[in-house]
$ cat my_file-v6.cif   # mmCIF, C-alpha atoms
data_work
#
loop_
_atom_site.label_atom_id
_atom_site.label_comp_id
_atom_site.auth_asym_id
_atom_site.auth_seq_id
_atom_site.Cartn_x
_atom_site.Cartn_y
_atom_site.Cartn_z
CA MET A 1 0.00 0.00 0.00
CA ALA A 2 3.04 2.30 -0.50
CA ILE A 3 1.95 5.52 -2.11
CA ASP A 4 4.76 7.73 -3.36
CA LEU A 5 3.91 11.12 -1.94
CA GLU A 6 7.13 12.61 -3.21
CA ALA A 7 6.27 11.53 -6.78
CA ALA A 8 2.82 13.03 -6.42
CA ASN A 9 4.26 16.31 -5.24
CA ILE A 10 6.87 16.31 -8.04
CA THR A 11 4.07 15.71 -10.54
CA ALA A 12 2.19 18.68 -9.14
CA ALA A 13 5.34 20.85 -9.19
CA ARG A 14 6.23 19.79 -12.73
CA CYS A 15 2.73 20.52 -13.85
CA ARG A 16 2.93 23.93 -12.29
CA ALA A 17 6.20 24.64 -14.16
CA GLU A 18 4.96 23.35 -17.48
CA CYS A 19 1.84 25.32 -17.19
CA GLU A 20 3.58 28.53 -16.17
CA ASP A 21 3.18 29.90 -19.68
CA HIS A 22 -0.50 29.39 -19.41
CA VAL A 23 -0.96 30.72 -15.91
CA GLY A 24 -2.49 33.84 -17.14
CA SER A 25 -5.11 31.81 -18.96
CA GLY A 26 -8.08 30.04 -17.33
CA PHE A 27 -6.95 26.70 -18.81
CA GLY A 28 -3.55 26.91 -17.08
CA ARG A 29 -5.07 27.71 -13.71
CA LYS A 30 -7.43 24.73 -14.02
CA ILE A 31 -4.57 22.32 -14.74
CA VAL A 32 -2.62 23.61 -11.74
CA LEU A 33 -5.71 23.26 -9.57
CA VAL A 34 -6.40 19.69 -10.75
CA ALA A 35 -2.77 18.68 -10.09
CA MET A 36 -2.94 20.15 -6.59
CA MET A 37 -6.21 18.36 -5.96
CA ILE A 38 -4.71 15.01 -7.03
CA ALA A 39 -1.80 15.57 -4.64
CA GLY A 40 -4.24 16.53 -1.88
CA VAL A 41 -6.48 13.49 -2.39
CA THR A 42 -3.41 11.22 -2.50
CA LEU A 43 -2.27 12.68 0.82
CA LEU A 44 -5.69 12.14 2.42
CA VAL A 45 -5.96 8.52 1.25
CA TRP A 46 -2.42 7.81 2.43
CA ALA A 47 -3.20 9.37 5.84
CA GLY A 48 -6.32 7.22 6.17
CA VAL A 49 -4.54 3.98 5.29
CA HIS A 50 -1.61 4.87 7.54
CA ASN A 51 -4.01 5.61 10.43
CA ALA A 52 -5.83 2.27 9.95
CA ARG A 53 -2.53 0.38 9.87
CA GLU A 54 -1.29 2.12 13.03
CA ARG A 55 -4.55 1.26 14.82
CA LYS A 56 -4.24 -2.38 13.80
CA LEU A 57 -0.65 -2.55 15.05
CA ALA A 58 -1.60 -0.84 18.33
CA MET A 59 -4.48 -3.31 18.81
CA GLN A 60 -2.18 -6.28 18.17
CA LYS A 61 0.32 -4.92 20.69
CA THR A 62 -2.47 -4.47 23.26
CA VAL A 63 -3.65 -8.06 22.77
CA GLU A 64 -0.08 -9.33 23.11
CA SER A 65 0.53 -7.34 26.28
CA LYS A 66 -2.76 -8.54 27.77
CA ALA A 67 -1.79 -12.13 27.02
CA ALA A 68 1.59 -11.53 28.69
CA LEU A 69 -0.13 -9.99 31.71
CA VAL A 70 -2.47 -12.98 32.06
CA ALA A 71 0.50 -15.32 31.87
CA GLU A 72 2.39 -13.31 34.50
CA THR A 73 -0.51 -13.11 36.92
CA ALA A 74 -1.73 -16.69 36.55
CA GLY A 75 -2.31 -18.09 40.00
CA GLN A 76 -2.19 -14.66 41.60
CA THR A 77 -5.07 -12.39 42.55
CA ASP A 78 -7.38 -11.14 39.80
CA ALA A 79 -5.82 -8.08 38.18
CA ASP A 80 -9.27 -6.67 37.41
CA SER A 81 -10.67 -7.00 40.91
CA PRO A 82 -11.55 -3.85 42.85
CA GLU A 83 -8.73 -4.52 45.32
CA ASN A 84 -6.26 -4.12 42.48
CA ALA A 85 -8.12 -1.34 40.73
CA THR A 86 -5.92 1.47 39.54
CA PRO A 87 -7.45 4.76 40.61
CA LYS A 88 -7.37 6.04 37.04
CA LEU A 89 -9.14 9.28 37.84
CA GLN A 90 -7.31 10.06 41.06
CA GLY A 91 -5.63 13.46 40.77
CA LYS A 92 -7.53 14.29 37.59
CA ILE A 93 -10.49 16.57 36.98
CA ALA A 94 -13.72 14.67 37.64
CA PRO A 95 -15.57 14.10 34.34
CA ALA A 96 -18.46 16.51 33.95
CA PHE A 97 -22.02 15.20 33.90
CA THR A 98 -25.58 16.46 33.80
CA LEU A 99 -28.08 13.86 34.94
CA VAL A 100 -31.70 13.76 36.03
CA ASP A 101 -32.68 13.20 39.66
CA LEU A 102 -35.66 11.20 40.89
CA ASP A 103 -37.87 14.29 40.58
CA GLY A 104 -36.85 14.79 36.96
CA LYS A 105 -34.66 17.80 37.76
CA LYS A 106 -31.34 18.23 35.93
CA VAL A 107 -28.30 18.14 38.19
CA SER A 108 -24.75 18.85 37.02
CA LEU A 109 -21.50 18.22 38.85
CA SER A 110 -20.55 21.80 37.95
CA ASP A 111 -23.52 23.04 40.03
CA PHE A 112 -21.42 22.30 43.09
CA LYS A 113 -18.15 23.93 42.10
CA GLY A 114 -16.52 25.36 45.20
CA HIS A 115 -17.90 22.49 47.33
CA PRO A 116 -16.34 19.14 48.18
CA VAL A 117 -18.53 16.49 46.47
CA PHE A 118 -18.82 12.79 47.23
CA VAL A 119 -19.98 10.97 44.09
CA ASN A 120 -21.13 7.39 44.77
CA PHE A 121 -22.07 4.97 41.97
CA TRP A 122 -24.43 2.18 43.02
CA ALA A 123 -27.10 -0.24 41.77
CA THR A 124 -30.20 -1.82 43.29
CA TRP A 125 -28.78 -5.32 42.63
CA CYS A 126 -25.52 -4.51 44.43
CA GLU A 127 -25.56 -5.67 48.06
CA PRO A 128 -22.27 -3.96 49.07
CA CYS A 129 -23.68 -0.70 47.68
CA LYS A 130 -26.86 -0.98 49.72
CA LEU A 131 -24.88 -1.68 52.86
CA GLU A 132 -22.84 1.53 52.62
CA MET A 133 -25.63 3.87 51.51
CA PRO A 134 -27.09 4.35 55.00
CA TRP A 135 -23.55 5.26 56.13
CA LEU A 136 -23.39 7.84 53.34
CA GLU A 137 -26.73 9.21 54.49
CA ASP A 138 -25.27 9.67 57.99
CA PHE A 139 -22.16 11.40 56.62
CA SER A 140 -24.26 13.58 54.32
CA LYS A 141 -26.09 14.98 57.34
CA LYS A 142 -23.07 15.07 59.65
CA TYR A 143 -20.86 17.07 57.25
CA LYS A 144 -23.50 19.13 55.45
CA ASP A 145 -22.62 22.23 57.47
CA GLN A 146 -19.02 21.89 56.34
CA GLY A 147 -20.16 22.12 52.74
CA LEU A 148 -20.09 18.43 51.81
CA VAL A 149 -22.37 17.52 48.90
CA MET A 150 -23.37 13.86 48.60
CA LEU A 151 -24.55 12.56 45.21
CA GLY A 152 -25.62 9.00 44.46
CA ILE A 153 -25.72 7.86 40.83
CA SER A 154 -27.77 4.77 40.08
CA THR A 155 -26.41 2.58 37.27
CA ASP A 156 -29.59 0.51 37.08
CA ASP A 157 -31.50 -0.34 33.94
CA ALA A 158 -34.48 -1.22 36.14
CA GLY A 159 -36.11 2.20 35.89
CA LYS A 160 -36.75 5.17 38.13
CA ASP A 161 -39.49 3.62 40.26
CA VAL A 162 -37.36 0.68 41.41
CA VAL A 163 -34.44 3.02 42.14
CA ALA A 164 -36.64 5.42 44.08
CA LYS A 165 -38.25 2.59 46.08
CA THR A 166 -34.85 1.13 46.99
CA ALA A 167 -33.39 4.50 47.99
CA LYS A 168 -36.40 5.17 50.18
CA LYS A 169 -36.15 1.74 51.81
CA LEU A 170 -32.49 2.45 52.62
CA GLY A 171 -33.43 5.78 54.20
CA VAL A 172 -31.47 7.81 51.66
CA THR A 173 -32.43 11.48 51.35
CA TYR A 174 -29.40 12.84 49.49
CA PRO A 175 -29.90 13.35 45.73
CA ILE A 176 -30.05 10.19 43.66
CA LEU A 177 -29.35 10.71 39.97
CA LEU A 178 -30.12 8.34 37.12
CA LYS A 179 -27.31 7.31 34.79
CA ASP A 180 -27.19 8.27 31.13
CA ASP A 181 -25.37 6.49 28.30
CA LYS A 182 -22.04 8.14 28.97
CA VAL A 183 -21.40 8.61 32.66
CA GLU A 184 -20.30 5.01 33.35
CA ASP A 185 -17.72 5.13 30.56
CA LYS A 186 -16.50 8.55 31.61
CA TYR A 187 -15.78 7.24 35.10
CA GLY A 188 -14.46 3.87 33.85
CA LEU A 189 -16.91 1.86 35.94
CA GLU A 190 -16.62 -1.91 35.89
CA TYR A 191 -18.12 -2.77 39.25
CA MET A 192 -20.13 -1.30 42.10
CA PRO A 193 -19.82 0.47 44.43
CA GLN A 194 -17.31 3.06 43.30
CA SER A 195 -16.86 6.42 44.96
CA PHE A 196 -15.07 9.59 43.93
CA TYR A 197 -14.13 12.29 46.42
CA VAL A 198 -14.10 15.49 44.35
CA ASP A 199 -12.48 18.54 45.90
CA LYS A 200 -13.78 22.10 45.57
CA THR A 201 -11.65 22.68 42.46
CA GLY A 202 -13.30 19.74 40.71
CA LYS A 203 -10.33 17.38 41.05
CA VAL A 204 -10.70 13.74 42.18
CA LEU A 205 -8.81 13.61 45.46
CA ILE A 206 -9.57 9.95 46.23
CA ALA A 207 -11.21 7.15 44.23
CA THR A 208 -12.34 3.90 45.87
CA ALA A 209 -13.83 0.69 44.52
CA GLY A 210 -15.72 -2.04 46.33
CA ILE A 211 -16.28 -2.35 50.02
CA SER A 212 -13.94 -3.87 52.55
CA ASP A 213 -12.36 -2.93 55.82
CA GLY A 214 -9.20 -1.85 54.06
CA GLN A 215 -10.77 0.23 51.34
CA GLY A 216 -14.36 1.20 51.87
CA GLY A 217 -15.50 0.32 55.39
CA LYS A 218 -17.49 2.97 57.27
CA ASP A 219 -14.47 4.28 59.18
CA ALA A 220 -12.38 4.41 56.02
CA ILE A 221 -15.10 6.39 54.23
CA GLU A 222 -15.32 8.88 57.08
CA ALA A 223 -11.53 9.27 57.15
CA ASN A 224 -11.58 9.99 53.43
CA ILE A 225 -14.39 12.53 53.84
CA LYS A 226 -12.39 14.32 56.56
CA LYS A 227 -9.39 14.41 54.23
CA LEU A 228 -11.58 15.81 51.45
CA LEU A 229 -12.95 18.51 53.73
CA ALA A 230 -9.47 19.40 55.00
CA GLU A 231 -8.08 19.62 51.44
CA SER A 232 -11.01 21.80 50.51
CA GLY A 233 -10.31 24.10 53.46
CA GLN A 234 -13.69 23.36 55.05
CA MET B 1 -14.74 20.45 -7.29
CA LYS B 2 -16.28 20.84 -3.85
CA THR B 3 -17.85 17.38 -4.16
CA LEU B 4 -14.45 15.87 -4.95
CA TRP B 5 -12.91 17.42 -1.85
CA ILE B 6 -15.74 16.24 0.40
CA GLY B 7 -15.52 12.74 -1.09
CA ALA B 8 -11.78 12.61 -0.45
CA LEU B 9 -12.24 13.74 3.14
CA LEU B 10 -14.87 11.06 3.74
CA VAL B 11 -12.64 8.33 2.25
CA GLY B 12 -9.78 9.39 4.53
CA ALA B 13 -12.04 9.49 7.59
CA GLN B 14 -13.59 6.08 6.83
CA LEU B 15 -10.23 4.41 6.33
CA GLY B 16 -9.12 5.82 9.67
CA GLN B 17 -12.08 4.16 11.38
CA LEU B 18 -11.33 0.65 10.09
CA ASP B 19 -10.41 -1.98 12.66
CA ALA B 20 -11.72 0.04 15.64
CA PRO B 21 -11.55 -2.47 18.53
CA PRO B 22 -14.93 -3.54 19.99
CA LYS B 23 -15.54 -3.03 23.71
CA ALA B 24 -14.49 -6.23 25.47
CA VAL B 25 -16.79 -7.86 28.02
CA LYS B 26 -15.08 -9.88 30.71
CA HIS B 27 -17.14 -12.85 31.86
CA ARG B 28 -17.01 -14.35 35.34
CA VAL B 29 -18.90 -17.48 34.28
CA MET B 30 -17.77 -19.96 31.64
CA TYR B 31 -19.78 -22.64 29.85
CA VAL B 32 -17.89 -25.94 29.97
CA ALA B 33 -18.96 -27.58 26.71
CA GLU B 34 -19.06 -31.38 26.87
CA ALA B 35 -19.93 -33.87 24.12
CA GLN B 36 -23.34 -35.37 24.92
CA THR B 37 -25.37 -38.14 23.34
CA VAL B 38 -29.05 -38.78 24.09
CA ALA B 39 -31.54 -41.44 23.02
CA ALA B 40 -33.36 -40.39 19.85
CA GLY B 41 -37.11 -39.82 20.18
CA LYS B 42 -37.12 -40.23 23.98
CA ARG B 43 -37.17 -37.70 26.78
CA SER B 44 -33.56 -37.15 27.78
CA VAL B 45 -31.73 -34.57 29.84
CA LEU B 46 -28.79 -32.48 28.65
CA GLU B 47 -26.51 -31.30 31.44
CA LEU B 48 -24.93 -27.90 30.94
CA ARG B 49 -22.02 -27.24 33.27
CA PHE B 50 -21.00 -23.68 34.09
CA ARG B 51 -17.90 -22.67 35.99
CA VAL B 52 -17.78 -19.52 38.12
CA ASP B 53 -14.41 -17.78 38.50
CA ASP B 54 -12.62 -18.40 41.79
CA GLY B 55 -13.61 -15.87 44.44
CA PHE B 56 -16.85 -14.96 42.65
CA HIS B 57 -20.47 -15.96 43.02
CA VAL B 58 -23.61 -15.37 40.97
CA ASN B 59 -27.19 -15.21 42.18
CA SER B 60 -29.05 -18.51 41.93
CA HIS B 61 -32.13 -18.82 39.73
CA THR B 62 -34.21 -18.05 42.81
CA PRO B 63 -32.46 -15.26 44.74
CA LYS B 64 -33.91 -14.17 48.05
CA SER B 65 -34.53 -10.58 47.04
CA GLU B 66 -36.57 -9.39 44.09
CA LEU B 67 -33.87 -6.80 43.44
CA GLN B 68 -31.22 -9.43 42.80
CA ILE B 69 -30.85 -10.56 39.23
CA PRO B 70 -31.43 -14.31 38.84
CA THR B 71 -29.24 -16.60 36.76
CA ALA B 72 -31.35 -17.66 33.79
CA LEU B 73 -30.71 -19.76 30.68
CA GLU B 74 -32.57 -19.04 27.47
CA LEU B 75 -32.25 -21.43 24.55
CA GLY B 76 -33.54 -20.87 21.05
CA ALA B 77 -35.59 -23.38 19.08
CA ALA B 78 -33.83 -25.92 16.86
CA ALA B 79 -35.27 -28.21 14.19
CA GLY B 80 -35.84 -31.74 15.43
CA VAL B 81 -35.50 -30.80 19.11
CA LYS B 82 -38.38 -30.35 21.53
CA LEU B 83 -37.40 -28.38 24.61
CA THR B 84 -39.20 -28.29 27.96
CA ALA B 85 -38.64 -26.14 31.04
CA VAL B 86 -35.03 -25.78 32.13
CA GLU B 87 -34.18 -27.17 35.60
CA TYR B 88 -31.88 -25.14 37.83
CA PRO B 89 -29.91 -26.40 40.84
CA ALA B 90 -30.62 -25.12 44.33
CA GLY B 91 -28.35 -22.28 45.42
CA LYS B 92 -26.01 -22.18 48.39
CA GLU B 93 -26.37 -19.76 51.26
CA TYR B 94 -23.81 -16.98 51.23
CA SER B 95 -23.16 -13.82 53.23
CA PHE B 96 -20.68 -11.05 52.62
CA ALA B 97 -18.13 -10.86 55.44
CA PHE B 98 -19.12 -7.24 56.04
CA ASP B 99 -22.81 -8.11 56.48
CA PRO B 100 -23.25 -11.61 57.93
CA SER B 101 -26.94 -10.99 58.66
CA GLU B 102 -27.87 -10.67 54.98
CA LYS B 103 -28.31 -14.16 53.54
CA LEU B 104 -28.00 -14.62 49.79
CA ASP B 105 -28.74 -17.62 47.59
CA VAL B 106 -25.90 -18.12 45.11
CA TYR B 107 -23.98 -20.40 42.77
CA SER B 108 -20.19 -20.56 43.11
CA ASP B 109 -17.42 -22.86 41.81
CA SER B 110 -19.59 -24.69 39.29
CA PHE B 111 -23.24 -25.46 38.70
CA VAL B 112 -25.23 -27.63 36.32
CA VAL B 113 -28.38 -26.57 34.50
CA LYS B 114 -30.49 -29.44 33.16
CA VAL B 115 -32.27 -29.15 29.84
CA PRO B 116 -34.91 -31.83 29.13
CA VAL B 117 -35.19 -32.57 25.41
CA VAL B 118 -36.81 -34.95 22.97
CA ALA B 119 -34.62 -35.01 19.87
CA ALA B 120 -34.85 -36.71 16.50
CA ALA B 121 -31.90 -38.86 15.46
CA GLY B 122 -28.93 -36.84 14.24
CA ALA B 123 -26.62 -34.01 15.27
CA HIS B 124 -28.18 -30.96 16.91
CA GLU B 125 -27.13 -27.52 18.02
CA LEU B 126 -28.94 -25.31 20.51
CA LYS B 127 -27.95 -21.68 20.69
CA GLY B 128 -28.80 -19.53 23.65
CA GLU B 129 -27.50 -17.33 26.42
CA LEU B 130 -27.01 -17.38 30.17
CA LYS B 131 -27.91 -14.21 32.01
CA TYR B 132 -26.16 -13.70 35.32
CA GLN B 133 -24.87 -11.08 37.70
CA ALA B 134 -21.64 -11.75 39.56
CA CYS B 135 -20.06 -10.38 42.72
CA ASP B 136 -16.81 -11.04 44.51
CA LYS B 137 -16.21 -10.54 48.23
CA ALA B 138 -16.20 -6.74 47.96
CA ALA B 139 -18.01 -5.58 44.83
CA CYS B 140 -20.63 -6.50 42.26
CA TYR B 141 -20.33 -6.51 38.49
CA PRO B 142 -23.03 -5.41 36.05
CA PRO B 143 -25.41 -8.07 34.66
CA ARG B 144 -23.87 -10.01 31.79
CA THR B 145 -25.12 -12.27 29.00
CA LEU B 146 -22.94 -15.28 28.17
CA PRO B 147 -23.46 -16.89 24.74
CA VAL B 148 -24.05 -20.64 25.01
CA ASP B 149 -23.76 -23.12 22.14
CA VAL B 150 -24.89 -26.66 23.01
CA VAL B 151 -23.92 -29.36 20.52
CA PHE B 152 -25.23 -32.90 21.01
CA ALA B 153 -26.17 -36.06 19.13
CA ALA B 154 -29.31 -38.19 19.33
CA LYS B 155 -28.94 -41.88 18.44
#

$ encode --input "my_file-v6.cif" --output "structure tokens"
Amino acid sequence: MAIDLEAANITAARCRAECEDHVGSGFGRKIVLVAMMIAGVTLLVWAGVHNARERKLAMQKTVESKAALVAETAGQTDADSPENATPKLQGKIAPAFTLVDLDGKKVSLSDFKGHPVFVNFWATWCEPCKLEMPWLEDFSKKYKDQGLVMLGISTDDAGKDVVAKTAKKLGVTYPILLKDDKVEDKYGLEYMPQSFYVDKTGKVLIATAGISDGQGGKDAIEANIKKLLAESGQ
Amino acid sequence: MKTLWIGALLVGAQLGQLDAPPKAVKHRVMYVAEAQTVAAGKRSVLELRFRVDDGFHVNSHTPKSELQIPTALELGAAAGVKLTAVEYPAGKEYSFAFDPSEKLDVYSDSFVVKVPVVAAAGAHELKGELKYQACDKAACYPPRTLPVDVVFAAK
């Protein structure tokens, strides 16, 4: 698929030279234009093919590296498990979102700029999520005066009524938002629960996945909230 | 002229999109395909074995809460094969370490789903899917659909 760009450019240049005598005429200008167009189209096609080839090579490399990783970690703990999750968003600006709450009102993360925000992703079918939500309700009330904003984002496909009924049963009064098509991808969600502690500048200070004594137990969550408030000068 | 330029731009853009990798879905349950032979023209039972990844569990077909997503097998029709209701195994009781009071009904390690059939003599293939939702000891994964391809012979 080698396309000789240099030859194409030479052709265009030669054409320009040969047609110099005719430049003043409309015919000459047309020939120059056509030659330039051919060179331009050639460049575009070459760029497209080159791009496709690069993508294919990159994909092959990714597959090879994944295979190597599987071989290296065989017999060890699951590299994709929450305990081994890389906090990809930690230290980065939290992805923006505008979602609808259970009353149909639009809520954006940017609405709370200047406040520390706790963003918790959950689902009605997720038992660990439902265990920690009453804790989050407690923290929402306890640290409200210090400016903490608690947001729950449901990743359910079950529909608003089921989500609302579950939230009510759990005693949750902080805003529950319904996912859209993009928010899960933006936050790289692969499991529930996942929480993002967003500081007042909009940066993710801490990201946690799953629930365990080491990572997401009640005391650990409160310690992280205190850190978030301290970092936010609250 | 304008049309030529637009066409060239589109060709370049399309070529750039070729081979875009599809989003991979990681399954926590695997179908262990086994060669099976049943008696032709008689009620027989196919046994479909599924293996759950170590450290994971999936809800049984009859979870204790209506909010939990049950494991369910759906098989499509196939010529020469009469299917009746799928039979699921009983689940095992399980509790997360962080909430021992909440009892769940789950499958872990491996489980067998039985499929009663009456098949005409010959080779058959049943295509279907297993719907499940898996958790490990600390987190839960979104519901997944595992393709299942059951090949068997009736003699």

$ residues_around --input "my_file-v6.cif" --residues "range 173-179 of chain A" --least-positions-apart "5" --cutoff "7 Å" --atoms "only C-alpha atoms" --output "ChimeraX atom specification"
/A:99-102,137,150-155

$ atom_distance --input "my_file-v6.cif" --atom1 "CA of Ala134 in chain B" --atom2 "CA of Val106 in chain B"
9.5 Å

$ atom_distance --input "my_file-v6.cif" --atom1 "CA of Ala139 in chain B" --atom2 "CA of Glu127 in chain A"
8.2 Å

$ residues_around --input "my_file-v6.cif" --residues "Pro116 in chain B" --least-positions-apart "5" --cutoff "10 Å" --atoms "all atoms listed in the file" --output "count of residues only"
11

$ residues_around --input "my_file-v6.cif" --residues "Cys135 in chain B" --least-positions-apart "2" --cutoff "6 Å" --atoms "all atoms listed in the file" --output "MDAnalysis selection string"
chainID B and resid 56:57 139:141

$ atom_distance --input "my_file-v6.cif" --atom1 "CA of Pro70 in chain B" --atom2 "CA of Glu129 in chain B"
13.4 Å

$ residues_around --input "my_file-v6.cif" --residues "Lys42 in chain B" --least-positions-apart "2" --cutoff "6 Å" --atoms "only C-alpha atoms" --output "list of chain:residue names"
B:Ala39, B:Ala40, B:Val118

$ closest_residue --input "my_file-v6.cif" --among "A:Asp156, A:Glu231, A:Asp103, A:Asp138" --to "chain B" --atoms "only C-alpha atoms"
A:Asp156

$ residues_around --input "my_file-v6.cif" --residues "Asp105 in chain B" --least-positions-apart "3" --cutoff "10 Å" --atoms "all atoms listed in the file" --output "ChimeraX atom specification"
/B:57-65,68,70,90-95

$ closest_residue --input "my_file-v6.cif" --among "A:Phe112, A:Tyr197, A:Trp122, A:Phe139" --to "Phe97 in chain A" --atoms "all atoms listed in the file"
A:Phe112

$ residues_near_point --input "my_file-v6.cif" --point "(-29.9, -18.5, 25.0)" --cutoff "9 Å" --atoms "only C-alpha atoms" --output "NGL selection string"
:B and (72-76 or 126-131 or 145-149)

$ resolve_selection --input "my_file-v6.cif" --expression "the PyMOL selection byres ((chain B and resi 119) around 7)" --output "list in words"
Ala40, Gly41, Gly80, Val81, Lys82, Val117, Val118, Ala120, Ala121 and Ala154 of chain B
